[in-house]
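Beneath this line is the structure, given in structure tokens, with notes to follow.
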Amino acid sequence: MITTADIEAWLQRAAALLEANKGYLTELDAAIGDADHGVNIARGFAAVVQKLAAQPGQPLGPIFKSAGMTLMSTVGGASGMLYGNFFLKAANVVGDRQTLTPADLLTVLEAGRDGVVQRGRAEPGDKTMIDAWTPAVNALKDALAAGQPLSAALHATAAAAEAGMRATIPMQARKGRASYLGERSIGHQDPGATSTYLILRALADALADEDAKRA
Amino acid sequence: MITTADIEAWLQRAAALLEANKGYLTELDAAIGDADHGVNIARGFAAVVQKLAAQPGQPLGPIFKSAGMTLMSTVGGASGMLYGNFFLKAANVVGDRQTLTPADLLTVLEAGRDGVVQRGRAEPGDKTMIDAWTPAVNALKDALAAGQPLSAALHATAAAAEAGMRATIPMQARKGRASYLGERSIGHQDPGATSTYLILRALADALADEDAKRA
Amino acid sequence: MKKLINAVDAVVREQMEGMALAHPDLLRVSLEPKYIVRADAPVAGKVAVVSGGGSGHEPLHGGFVGYGMLDGACPGEIFTSPTPDQIFACGMEVNGGAGVLLIVKNYTGDVLSFETAAELLHGEGVVVRTVLVDDDVAVKDSLYTAGRRGVGGTVIVEKIAGAAAEAGYSLAQTAALAQRVSVNSRSMGMALTSCTTPSAGKPTFDLAENEIEIGIGIHGEPGQRRIPIVDADAITTLLAEEILNDGPYTRTVRSFDPMTGDWAEVSLTSEPFRVGDRVIAFVNSMGGTPVSELYTVYRRLAMICKERNIVIVRNLIGAYITSLEMQGCSITLTRVDEEMVRLWDAPVKTPALRWGI
Amino acid sequence: MKKLINAVDAVVREQMEGMALAHPDLLRVSLEPKYIVRADAPVAGKVAVVSGGGSGHEPLHGGFVGYGMLDGACPGEIFTSPTPDQIFACGMEVNGGAGVLLIVKNYTGDVLSFETAAELLHGEGVVVRTVLVDDDVAVKDSLYTAGRRGVGGTVIVEKIAGAAAEAGYSLAQTAALAQRVSVNSRSMGMALTSCTTPSAGKPTFDLAENEIEIGIGIHGEPGQRRIPIVDADAITTLLAEEILNDGPYTRTVRSFDPMTGDWAEVSLTSEPFRVGDRVIAFVNSMGGTPVSELYTVYRRLAMICKERNIVIVRNLIGAYITSLEMQGCSITLTRVDEEMVRLWDAPVKTPALRWGI
Ligand SMILES: Nc1ncnc2c1ncn2[C@@H]1O[C@H](COP(=O)(O)OP(=O)(O)O)[C@@H](O)[C@H]1O
Ligand SMILES: Nc1ncnc2c1ncn2[C@@H]1O[C@H](COP(=O)(O)OP(=O)(O)O)[C@@H](O)[C@H]1O
Ligand SMILES: [Mg+2]
Ligand SMILES: [Mg+2]
Ligand SMILES: [Mg+2]
Ligand SMILES: [Mg+2]
């Protein structure tokens with residue numbers, strides 16, 4: 001069972017990991033964007049964690065909704081809107097529940113990913129965060145179908161996101177600011193796919209930790 | 001006898017010498033002024049020569065008047081006005097004459113110098129072109145009084161201007177743009193005193209040359 | 001980094017505070033969330049015109065708040081789109097009952113924020129429409145990119161839409177006119193130097209002493225191409241020809257239907273400039289280029305338009321949509337009809353644009 | 001050197017040609033000799049207001065030619081005073097029978113040129129007066145220097161004198177008022193970076209990344225002192241205090257007597273600012289600093305004035321008197337009475353300053 005504590009641990013861990021990679025993400029964005037992704041996303045997740053700390057004991061729906069709204073109102077830029085939407089859609093599918101099964105978690109990630117696609121209209125191969133989200137969601141689905149335990153399944157998820165992130169390097173951007181560069185976007189890793197990987201890496205690590213504590 | 005040809009030779013020689021020292025003068029002006037003296041004065045004297053070439057055979061008054069008006073309308077800045085005034089005053093004392101005695105030349109330089117003082121109100125020691133004009137005029141007066149031939153007297157005149165120019169180095173400027181620097185103007189040679197020396201050096205050389213031709 | 005700023009994270013707030021102190025007769029400022037509105041907002045019965053975008057482009061948009069132009073402006077962080085809560089709060093405050101027009105520059109972040117804000121406002125019963133500005137001909141296609149960026153044309157759209165709203169146009173009329181102005185605007189920009197964002201503290205890109213960047217946006221992003229430096233006439237010719245030789249441009253944009261609350265896909269086509277077209281010519285400084293140099297550009301632009309029989313009926317020359325302290329310029333031409341010229345000439349009273357009043 | 005210019009010796013002419021092409025409704029341009037006059041000059045029965053100075057300070061002065069401000073402007077070469085023949089020809093062209101007021105910034109070259117021009121105009125039967133602007137508190141004394149330089153106060157003097165002339169003031173009245181505005185103006189400027197004159201092609205002075213220059217003029221000349229870089233609040237405080245703590249300043253100026261054609265020596269004293277004074281506050285960009293940063297300066301300036309009980313009744317924020325593309329700013333405070341405020345508010349229609357019309 002995945003608890004609200006697990007989800008809060010995920011968001012805290014993501015905030016810390018994004019803060020640690022702030023400079024790296026901004027550098028990636030400087031190469032093919034406008035050099036603000038790291039600073040903006042780190043500021044946003046820090047605000048998410050702060051908001052959650054102020055309102056402990058909430059069910060999952062309000063947690064995700066708070067995260068989504070906070071990202072939307074503190075990040076700015078394309079990724080703020082897309083990640084914000086991710087969590088708002090996630091909130092929709094969990095409602096007032098306090099726990100999730102692994103299958104529920106898959107539903108959450110799928111709904112969130114679909115929310116990103118709905119707003120951003122990116123397709124796989126457009127060199128965006130979708131190139132990390134989609135392989136990750138597919139990997140989770142496959143792993144759970146194969147009967148893997150949650151912690152192993154989430155590591156597979158993060159690994160798929162990482163591979164998806166690396167796969168953006170040779171792509172030519174067709175969405176977002178990098179698309180203005182045309183062929184000059186080739187050879188650079190997409191900053192949004194990178195932050196998506198970091199967020200999923202945080203998810204795998206956080207739930208492994210919580211599992212370890214429970215074990 | 002100093003002829004109109006002598007005076008035209010002087011102005012041509014001055015133009016050439018100022019053109020050759022354009023960069024040097026502008027550098028001096030960059031240190032304590034606004035870095036335009038060389039460019040402006042060279043442009044002005046070139047225009048003087050061009051104007052004179054277009055109207056050959058004029059008496060001295062019109063020659064000096066043309067030089068003064070041309071300097072005033074082409075140089076710009078403090079020195080353009082002051083040198084312009086120098087020649088306008090010189091024009092006043094020569095009228096329609098075609099020749100000058102050495103004593104007349106002294107009167108011309110004195111009247112011109114007085115015109116510069118009248119407009120600019122600089123006193124000796126203020127670190128301006130006056131610090132070259134005044135010792136030069138005095139040297140000419142002394143040399144003529146001592147019965148020296150014109151060519152020697154004019155070399156003494158130029159030498160006195162040169163000494164006056166060097167004497168501006170330790171002075172603190174009290175007039176013109178350099179005065180804004182206060183003590184920071186000390187240690188730099190005044191650009192206007194330098195162009196005055198060059199103009200008087202051209203006078204000495206031009207008349208020596210003409211003398212030589214006649215001899 | 002040399003700038004007249006204090007703490008890096010206070011830059012936008014302190015500039016807004018300065019505006020509030022300087023122009024209490026023209027505008028009011030909210031700091032939490034950040035937006036700027038007309039001093040007399042909401043104006044009952046008038047369509048409210050709201051724009052916004054990243055900061056660092058001043059006077060755009062805050063400098064255009066006031067009578068005859070914007071009712072509200074929402075500044076994001078430097079070069080970062082504003083967030084939906086800002087736009088929502090601003091829209092709520094300026095709505096005078098006749099609806100709110102959101103003017104959106106075509107950047108993914110801006111578009112997503114404004115779309116969300118439109119939905120939120122609609123949810124509160126506010127009648128909303130959106131208009132997209134995408135005039136940057138440096139971006140060639142819309143199929144394989146996020147579409148042309150909104151640049152200099154934004155200033156022209158905001159002036160004319162603001163005047164229309166002031167003149168009593170309905171929301172639908174104001175939106176239709178604004179979209180028409182946008183579709184008839186084409187811009188192209190270049191940089192002599194990079195800019196430095198306060199948070200980065202160093203120039204966004206490196207440009208050698210003998211290089212210039214052609215086809216830049218307004219966020220210090222790399223341009224279309226880098227070329228050896230040439231003189232002002234050559235630069236002007238290059239920018240003007242990109243604009244004047246640009247072919248038809250078709251793109252699909254999402255337009256908000258204030259009745260249903262749904263998004264409709266609309267196909268828009270910009271027609272190329274043609275002999276005899278009447279235009280507003282806008283020569284803009286990227287921030288660090290003084291107005292004196294813009295006149296050298298305008299001189300050549302006027303000659304080119306004359307040769308091509310494009311008639312400049314109005315012009316605007318100055319720093320109106322900038323990239324911090326970047327040196328460089330952009331040219332915008334907007335094809336206008338009589339209605340647009342009349343509204344361009346209509347009185348405007350804002351910190352940055354003022355005439356007739 | 002990176003600039004939007006063509007041949008170095010064509011810079012001023014081409015910028016003037018650009019102005020002529022851009023603003024035929026406002027002004028006319030003469031290229032030989034160089035000057036700019038109001039489109040409707042001469043205005044019969046109105047005092048004509050003429051100013052001028054080196055180029056490179058745009059929009060000063062050409063950008064202020066038009067209804068309610070200057071009748072004529074005489075641009076010199078870059079940073080070089082104009083010549084008497086320009087000023088003479090300009091004065092002859094704008095004289096509408098009520099006389100010509102020459103507004104002169106206090107630089108030796110400018111003063112000498114305008115004095116000569118005054119004499120020439122007088123010789124042609126034109127009634128002339130001169131007014132000297134010398135507001136730069138960075139220059140401390142007038143006994144051992146050429147006196148304070150004319151800087152930001154010039155803009156305020158030109159606006160108010162222009163409005164007075166438009167309102168039908170006589171030449172003597174316009175001159176007296178202009179001199180009063182000048183005497184009540186104090187300015188102080190600073191540079192973050194140097195500027196580059198086209199003819200030199202390299203920066204006039206070198207300023208390290210961590211240095212700024214305080215007490216600069218407007219010709220890229222070295223300032224009063226160089227200090228390590230500090231933030232905008234500290235810079236603003238420093239400039240404001242130099243202005244507000246400046247004591248009485250007395251100087252002797254030459255004033256032209258249009259009756260006799262002679263020069264009279266007049267002693268003028270500027271009184272320090274005092275609690276309760278009402279001022280126009282002018283925050284000016286040196287050319288390369290974008291308007292956004294000026295608002296951070298204005299914010300702090302407004303606070304300082306409030307603390308000191310100096311009442312800012314009007315403000316002007318933007319690039320109005322510049323040093324090519326120099327980054328930096330200047331602050332000008334002008335103590336005003338009701339007459340001056342009324343004339344400040346009066347309609348003005350020029351390329352760079354426009355309101356009320
Ligand atoms: N239409 C889109 N769909 C999905 N992701 C997108 C889209 N546009 C941009 N992104 C993602 O957003 C990232 C950039 O985020 P950020 O720097 O915050 O935005 P901005 O370009 O507004 O500065 C890109 O690297 C990309 O992964
Ligand atoms: N009041 C004055 N009287 C005499 N000479 C002066 C005066 N003011 C300036 N000068 C001379 O003018 C020179 C500067 O000339 P220039 O560079 O053309 O003027 P500006 O300062 O207007 O650029 C100074 O070096 C000085 O010799
Ligand atoms: Mg970005
Ligand atoms: Mg000089
Ligand atoms: Mg951004
Ligand atoms: Mg000069």
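Convention: chains lettered A, B, ... in structure tokens order; per-chain residue numbering from 1; ligands numbered from 1 as shown.
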Quick one: everything within 9 Å of Leu26 (chain C), counting only C-alpha atoms, minus sequence neighbours fewer than 5 positions away in the same chain. Send it as a VMD selection string. chain C and resid 20 37 to 40 65 to 67 349 to 351
Could you tell me, counting only C-alpha atoms and all ligand atoms, which protein and nucleic acid residues lie no more than 6 Å from ligand 6, written as a VMD selection string? (chain B and resid 34 36 77) or (chain D and resid 79 to 80)
Output N, CA and C atoms for every residue in the selection just made, as a PDB file, in the first residue's frame.
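Result file follows (again_33.pdb):
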```pdb
ATOM      1  N   ASP B  34      37.724  65.383 -24.227  1.00  0.00           N
ATOM      2  CA  ASP B  34      36.723  64.494 -24.801  1.00  0.00           C
ATOM      3  C   ASP B  34      37.159  63.887 -26.123  1.00  0.00           C
ATOM      4  N   ASP B  36      38.437  64.773 -28.989  1.00  0.00           N
ATOM      5  CA  ASP B  36      38.044  65.191 -30.335  1.00  0.00           C
ATOM      6  C   ASP B  36      38.947  66.272 -30.927  1.00  0.00           C
ATOM      7  N   GLY B  77      33.401  72.935 -31.004  1.00  0.00           N
ATOM      8  CA  GLY B  77      34.136  72.849 -29.745  1.00  0.00           C
ATOM      9  C   GLY B  77      34.862  74.137 -29.426  1.00  0.00           C
TER      10      GLY B  77
ATOM     11  N   PHE D  79      29.514  64.702 -29.756  1.00  0.00           N
ATOM     12  CA  PHE D  79      30.165  65.266 -28.565  1.00  0.00           C
ATOM     13  C   PHE D  79      30.940  66.549 -28.855  1.00  0.00           C
ATOM     14  N   THR D  80      30.663  67.217 -29.951  1.00  0.00           N
ATOM     15  CA  THR D  80      31.372  68.452 -30.298  1.00  0.00           C
ATOM     16  C   THR D  80      30.348  69.567 -30.468  1.00  0.00           C
TER      17      THR D  80
END
```
Wanna dump the chain C-ligand 5 contacts at 9 Å for me, each residue with its shortest atom pair and the distance in Å to one decimal, counting only C-alpha atoms and all ligand atoms, ordered by chain and number, as a Markdown table?
```
| residue | atom | partner | partner_atom_place_in_ligand_line | distance |
| --- | --- | --- | --- | --- |
| C:Gly54 | CA | ligand 5 | 1 (Mg) | 7.7 |
| C:Glu77 | CA | ligand 5 | 1 (Mg) | 8.7 |
| C:Ile78 | CA | ligand 5 | 1 (Mg) | 8.2 |
| C:Phe79 | CA | ligand 5 | 1 (Mg) | 5.5 |
| C:Thr80 | CA | ligand 5 | 1 (Mg) | 4.0 |
| C:Ser81 | CA | ligand 5 | 1 (Mg) | 6.2 |
| C:Tyr107 | CA | ligand 5 | 1 (Mg) | 8.9 |
| C:Gly109 | CA | ligand 5 | 1 (Mg) | 7.2 |
| C:His219 | CA | ligand 5 | 1 (Mg) | 8.1 |
```
Find the residues in chain A near chain C: any atom within 8 Å counts, using only C-alpha atoms. Write them as a CSV table (one decimal) with N, CA and C atoms, in the first residue's frame.
```csv
chain,number,residue,atom,x,y,z
A,30,ALA,N,19.8,26.6,-21.2
A,30,ALA,CA,20.6,27.7,-21.9
A,30,ALA,C,21.0,27.2,-23.3
A,32,ILE,N,19.4,25.2,-25.5
A,32,ILE,CA,18.4,25.2,-26.5
A,32,ILE,C,17.1,25.9,-26.1
A,33,GLY,N,17.2,26.6,-25.0
A,33,GLY,CA,16.0,27.3,-24.5
A,33,GLY,C,16.4,28.7,-24.0
A,34,ASP,N,15.8,29.0,-22.8
A,34,ASP,CA,16.1,30.4,-22.3
A,34,ASP,C,16.7,30.4,-20.9
A,35,ALA,N,17.3,29.3,-20.6
A,35,ALA,CA,18.2,29.3,-19.4
A,35,ALA,C,17.4,29.6,-18.1
A,36,ASP,N,16.1,29.1,-18.0
A,36,ASP,CA,15.4,29.3,-16.7
A,36,ASP,C,14.8,28.0,-16.1
A,72,MET,N,1.8,25.6,-10.8
A,72,MET,CA,1.3,26.5,-11.8
A,72,MET,C,1.5,27.9,-11.4
A,73,SER,N,1.5,28.2,-10.1
A,73,SER,CA,1.5,29.6,-9.7
A,73,SER,C,2.9,30.1,-9.3
A,74,THR,N,3.9,29.2,-9.3
A,74,THR,CA,5.2,29.6,-8.8
A,74,THR,C,6.3,29.4,-9.9
A,75,VAL,N,6.1,28.4,-10.8
A,75,VAL,CA,7.2,28.1,-11.8
A,75,VAL,C,7.2,29.1,-12.9
A,76,GLY,N,6.1,29.2,-13.6
A,76,GLY,CA,6.1,30.1,-14.8
A,76,GLY,C,6.7,29.3,-15.9
A,77,GLY,N,6.4,29.7,-17.2
A,77,GLY,CA,7.0,29.0,-18.3
A,77,GLY,C,6.2,27.7,-18.6
A,78,ALA,N,6.7,27.1,-19.7
A,78,ALA,CA,6.0,25.9,-20.2
A,78,ALA,C,5.9,24.8,-19.2
A,79,SER,N,7.1,24.5,-18.6
A,79,SER,CA,7.1,23.3,-17.7
A,79,SER,C,6.3,23.5,-16.4
A,80,GLY,N,6.2,24.7,-16.0
A,80,GLY,CA,5.3,25.0,-14.8
A,80,GLY,C,3.9,24.6,-15.1
A,81,MET,N,3.4,25.0,-16.2
A,81,MET,CA,2.0,24.7,-16.6
A,81,MET,C,1.8,23.2,-16.8
A,119,ARG,N,-2.5,19.3,-22.7
A,119,ARG,CA,-2.2,20.8,-22.8
A,119,ARG,C,-1.1,21.0,-23.8
A,120,GLY,N,-0.1,20.2,-23.8
A,120,GLY,CA,1.1,20.6,-24.6
A,120,GLY,C,1.1,20.0,-26.0
A,173,ALA,N,13.9,19.3,-32.0
A,173,ALA,CA,12.7,19.7,-31.2
A,173,ALA,C,11.6,20.2,-32.2
A,174,ARG,N,10.4,19.8,-31.9
A,174,ARG,CA,9.3,20.2,-32.6
A,174,ARG,C,8.2,20.9,-31.8
A,175,LYS,N,8.5,21.0,-30.5
A,175,LYS,CA,7.6,21.7,-29.6
A,175,LYS,C,8.4,22.5,-28.6
A,176,GLY,N,7.8,23.5,-28.0
A,176,GLY,CA,8.5,24.4,-27.0
A,176,GLY,C,9.6,25.2,-27.7
A,177,ARG,N,10.3,26.0,-26.8
A,177,ARG,CA,11.2,27.0,-27.3
A,177,ARG,C,12.3,26.4,-28.1
A,179,SER,N,12.2,24.3,-30.4
A,179,SER,CA,11.9,24.1,-31.8
A,179,SER,C,12.3,25.2,-32.7
A,180,TYR,N,12.5,26.4,-32.1
A,180,TYR,CA,12.9,27.6,-32.9
A,180,TYR,C,14.3,27.4,-33.5
A,181,LEU,N,15.1,26.5,-32.8
A,181,LEU,CA,16.4,26.3,-33.2
A,181,LEU,C,16.5,25.4,-34.4
A,182,GLY,N,15.4,24.7,-34.7
A,182,GLY,CA,15.5,23.8,-35.9
A,182,GLY,C,16.6,22.7,-35.7
```
At a cut-off of 8 Å, using only C-alpha atoms, what residues contact Ala22 (chain C)? Leave out same-chain residues fewer than 3 positions from it and give the result as JSON, numbers by chain. {"C": [18, 19], "D": [298, 299, 315]}
For the selection you just gave me, I'd like the residues written to a file as a PDB file, in the first residue's frame, keeping N, CA and C atoms.
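What landed in selection26.pdb:
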```pdb
ATOM      1  N   GLY C  18       8.492  50.742  -8.166  1.00  0.00           N
ATOM      2  CA  GLY C  18       8.894  52.018  -8.770  1.00  0.00           C
ATOM      3  C   GLY C  18       7.808  52.556  -9.682  1.00  0.00           C
ATOM      4  N   MET C  19       7.195  51.662 -10.459  1.00  0.00           N
ATOM      5  CA  MET C  19       6.112  52.104 -11.350  1.00  0.00           C
ATOM      6  C   MET C  19       4.933  52.631 -10.551  1.00  0.00           C
TER       7      MET C  19
ATOM      8  N   TYR D 298      14.079  55.020  -9.430  1.00  0.00           N
ATOM      9  CA  TYR D 298      13.018  55.952  -9.035  1.00  0.00           C
ATOM     10  C   TYR D 298      12.399  55.539  -7.699  1.00  0.00           C
ATOM     11  N   ARG D 299      12.243  54.224  -7.506  1.00  0.00           N
ATOM     12  CA  ARG D 299      11.672  53.708  -6.258  1.00  0.00           C
ATOM     13  C   ARG D 299      12.453  54.238  -5.051  1.00  0.00           C
ATOM     14  N   ASN D 315       7.169  63.674 -12.468  1.00  0.00           N
ATOM     15  CA  ASN D 315       8.392  62.930 -12.733  1.00  0.00           C
ATOM     16  C   ASN D 315       8.540  62.642 -14.219  1.00  0.00           C
TER      17      ASN D 315
END
```
Residues within 10 Å of Ile103 (chain D), please, as a compact mmCIF listing (two decimals) with C-alpha atoms, in the first residue's frame. Count only C-alpha atoms; anything in the same chain fewer than 2 positions from it doesn't count.
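Okay, this is what ended up in out35.txt:
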```txt
# COMPACT_ATOMS: atom_id res chain seq x y z
CA VAL D 49 13.35 78.77 -28.52
CA VAL D 50 16.58 77.36 -29.94
CA SER D 51 19.01 74.96 -28.38
CA GLY D 52 21.84 72.81 -29.58
CA GLY D 53 24.95 70.96 -28.63
CA LEU D 70 11.94 73.83 -29.21
CA ALA D 73 17.92 72.49 -32.55
CA VAL D 100 14.99 84.18 -30.20
CA LEU D 101 15.97 82.56 -26.91
CA LYS D 105 24.61 74.17 -21.95
CA ASN D 106 27.66 75.34 -20.07
CA VAL D 111 29.13 78.94 -24.86
CA PHE D 114 26.23 80.51 -29.00
CA ARG D 129 18.65 86.45 -25.38
CA THR D 130 20.69 83.61 -23.96
CA VAL D 131 20.15 81.35 -20.98
CA LEU D 132 22.84 79.14 -19.52
CA VAL D 133 22.14 75.69 -18.08
CA THR D 154 18.45 71.11 -19.87
CA VAL D 157 14.44 74.06 -19.01
CA GLU D 158 13.61 73.33 -22.65
CA ALA D 161 10.67 77.55 -21.73
CA ALA D 175 14.41 84.06 -20.71
CA ALA D 178 14.19 79.64 -18.23
CA GLN D 179 17.05 81.01 -16.15
```
Please identify all residues of chain D having at least one atom at most 6 Å from any atom of chain C, considering only C-alpha atoms, and return them as a list of chain:residue names.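 Going by the stated atoms only, the list reads D:Leu4, D:Ile5, D:Asn6, D:Glu14, D:Gln15, D:Gly18, D:Glu58, D:Asp231, D:Ala232, D:Gly287, D:Gly288, D:Pro290, D:Ser292, D:Glu293, D:Tyr295, D:Thr296, D:Tyr298, D:Arg299, D:Glu325, D:Trp355, D:Gly356, D:Ile357.
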Do a neighbour search on Asn138 (chain A) at 12 Å with only C-alpha atoms, toss out local chain neighbours closer than 3 positions, and write the hits as a PyMOL selection string. chain A and resi 106-107+109-110+113+130-135+141-145+153-154+156-161+164
Please dump the current selection as a compact mmCIF listing (two decimals), in the first residue's frame; keep N, CA, C and O atoms.
```txt
# COMPACT_ATOMS: atom_id res chain seq x y z
N LEU A 106 -0.10 3.48 -11.15
CA LEU A 106 0.01 3.51 -12.61
C LEU A 106 -1.08 4.41 -13.20
O LEU A 106 -0.81 5.24 -14.08
N THR A 107 -2.29 4.28 -12.67
CA THR A 107 -3.39 5.12 -13.16
C THR A 107 -3.07 6.61 -12.95
O THR A 107 -3.34 7.45 -13.81
N LEU A 109 -0.05 8.05 -12.73
CA LEU A 109 0.99 8.52 -13.66
C LEU A 109 0.43 8.64 -15.08
O LEU A 109 0.76 9.58 -15.81
N GLU A 110 -0.42 7.69 -15.44
CA GLU A 110 -1.01 7.74 -16.77
C GLU A 110 -1.89 8.98 -16.96
O GLU A 110 -1.81 9.67 -17.97
N ARG A 113 0.32 12.02 -17.16
CA ARG A 113 0.97 12.11 -18.48
C ARG A 113 -0.05 12.56 -19.53
O ARG A 113 0.24 13.44 -20.36
N ILE A 130 7.61 14.58 -22.62
CA ILE A 130 6.82 13.40 -23.00
C ILE A 130 7.72 12.22 -23.37
O ILE A 130 7.36 11.06 -23.14
N ASP A 131 8.88 12.51 -23.90
CA ASP A 131 9.81 11.46 -24.27
C ASP A 131 10.40 10.76 -23.05
O ASP A 131 11.04 9.71 -23.17
N ALA A 132 10.20 11.34 -21.87
CA ALA A 132 10.55 10.62 -20.64
C ALA A 132 9.30 10.00 -20.01
O ALA A 132 9.31 8.85 -19.57
N TRP A 133 8.20 10.75 -19.98
CA TRP A 133 6.97 10.25 -19.34
C TRP A 133 6.46 8.98 -19.99
O TRP A 133 6.10 8.01 -19.30
N THR A 134 6.40 8.95 -21.31
CA THR A 134 5.71 7.84 -21.97
C THR A 134 6.45 6.51 -21.80
O THR A 134 5.84 5.52 -21.36
N PRO A 135 7.75 6.45 -22.08
CA PRO A 135 8.44 5.17 -21.80
C PRO A 135 8.37 4.78 -20.33
O PRO A 135 8.29 3.59 -20.00
N LYS A 141 3.78 -0.12 -16.41
CA LYS A 141 2.69 -1.02 -16.78
C LYS A 141 3.21 -2.44 -17.04
O LYS A 141 2.70 -3.42 -16.49
N ASP A 142 4.27 -2.54 -17.81
CA ASP A 142 4.86 -3.84 -18.13
C ASP A 142 5.36 -4.55 -16.87
O ASP A 142 5.14 -5.75 -16.69
N ALA A 143 6.03 -3.79 -16.01
CA ALA A 143 6.61 -4.42 -14.82
C ALA A 143 5.53 -4.94 -13.91
O ALA A 143 5.63 -6.05 -13.36
N LEU A 144 4.47 -4.16 -13.73
CA LEU A 144 3.38 -4.61 -12.87
C LEU A 144 2.68 -5.81 -13.49
O LEU A 144 2.34 -6.78 -12.80
N ALA A 145 2.50 -5.77 -14.80
CA ALA A 145 1.87 -6.91 -15.50
C ALA A 145 2.72 -8.16 -15.33
O ALA A 145 2.21 -9.28 -15.19
N ALA A 153 9.56 -2.35 -9.80
CA ALA A 153 8.82 -1.78 -10.92
C ALA A 153 9.12 -0.29 -11.05
O ALA A 153 9.27 0.24 -12.16
N LEU A 154 9.25 0.41 -9.91
CA LEU A 154 9.52 1.84 -9.97
C LEU A 154 10.96 2.12 -10.41
O LEU A 154 11.23 3.13 -11.06
N ALA A 156 12.48 0.28 -12.56
CA ALA A 156 12.38 0.11 -14.02
C ALA A 156 11.77 1.35 -14.66
O ALA A 156 12.18 1.78 -15.75
N THR A 157 10.82 1.94 -13.94
CA THR A 157 10.17 3.15 -14.44
C THR A 157 11.18 4.29 -14.59
O THR A 157 11.27 4.95 -15.64
N ALA A 158 11.97 4.51 -13.53
CA ALA A 158 12.97 5.57 -13.56
C ALA A 158 14.01 5.30 -14.63
O ALA A 158 14.46 6.21 -15.35
N ALA A 159 14.40 4.04 -14.75
CA ALA A 159 15.41 3.68 -15.76
C ALA A 159 14.88 3.97 -17.16
O ALA A 159 15.61 4.46 -18.02
N ALA A 160 13.60 3.69 -17.38
CA ALA A 160 13.01 3.96 -18.69
C ALA A 160 12.95 5.47 -18.95
O ALA A 160 13.20 5.92 -20.07
N ALA A 161 12.65 6.23 -17.88
CA ALA A 161 12.63 7.68 -18.05
C ALA A 161 14.03 8.18 -18.40
O ALA A 161 14.20 9.06 -19.26
N GLY A 164 14.73 7.42 -21.91
CA GLY A 164 13.94 8.34 -22.74
C GLY A 164 14.58 9.72 -22.78
O GLY A 164 14.64 10.38 -23.84
```
From the list A:Ala53, A:Val39, A:Val48, A:Ala204, which residue is nearest ligand 3 when using only C-alpha atoms and all ligand atoms? A:Val39
Just the residues within 9 Å of region 87-102 of chain A, please, counting only C-alpha atoms, with nothing from its chain fewer than 5 positions along; format it as a PyMOL selection string. chain A and resi 1-4+58-69+71+82+107-116+144+149-150
Using only C-alpha atoms, which protein or nucleic acid residues come within 8 Å of Ser187 (chain D)? Drop anything in the same chain fewer than 2 positions from it, and give the result as a PyMOL selection string. chain D and resi 135-138+151-153+185+189+243+330-333
Separation of atom 24 (C, counted along the ligand's line) of ligand 1 from CA of Ala178 (chain A) in Å: 7.3 Å
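Take CA of Gly72 (chain D) and CA of Cys90 (chain D): the distance between them is 6.3 Å.
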CA of Val49 (chain A) and CA of Ala15 (chain A), how far apart in Å?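 Calculated distance between CA of Ala15 (chain A) and CA of Val49 (chain A) is 7.3 Å.
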Looking only at the backbone, which of the residues in region 35-250 of chain D does DSSP tag as helix (DSSP H, G or I), as a ChimeraX atom specification? /D:62-64,84-94,108-123,153-166,171-183,232-244
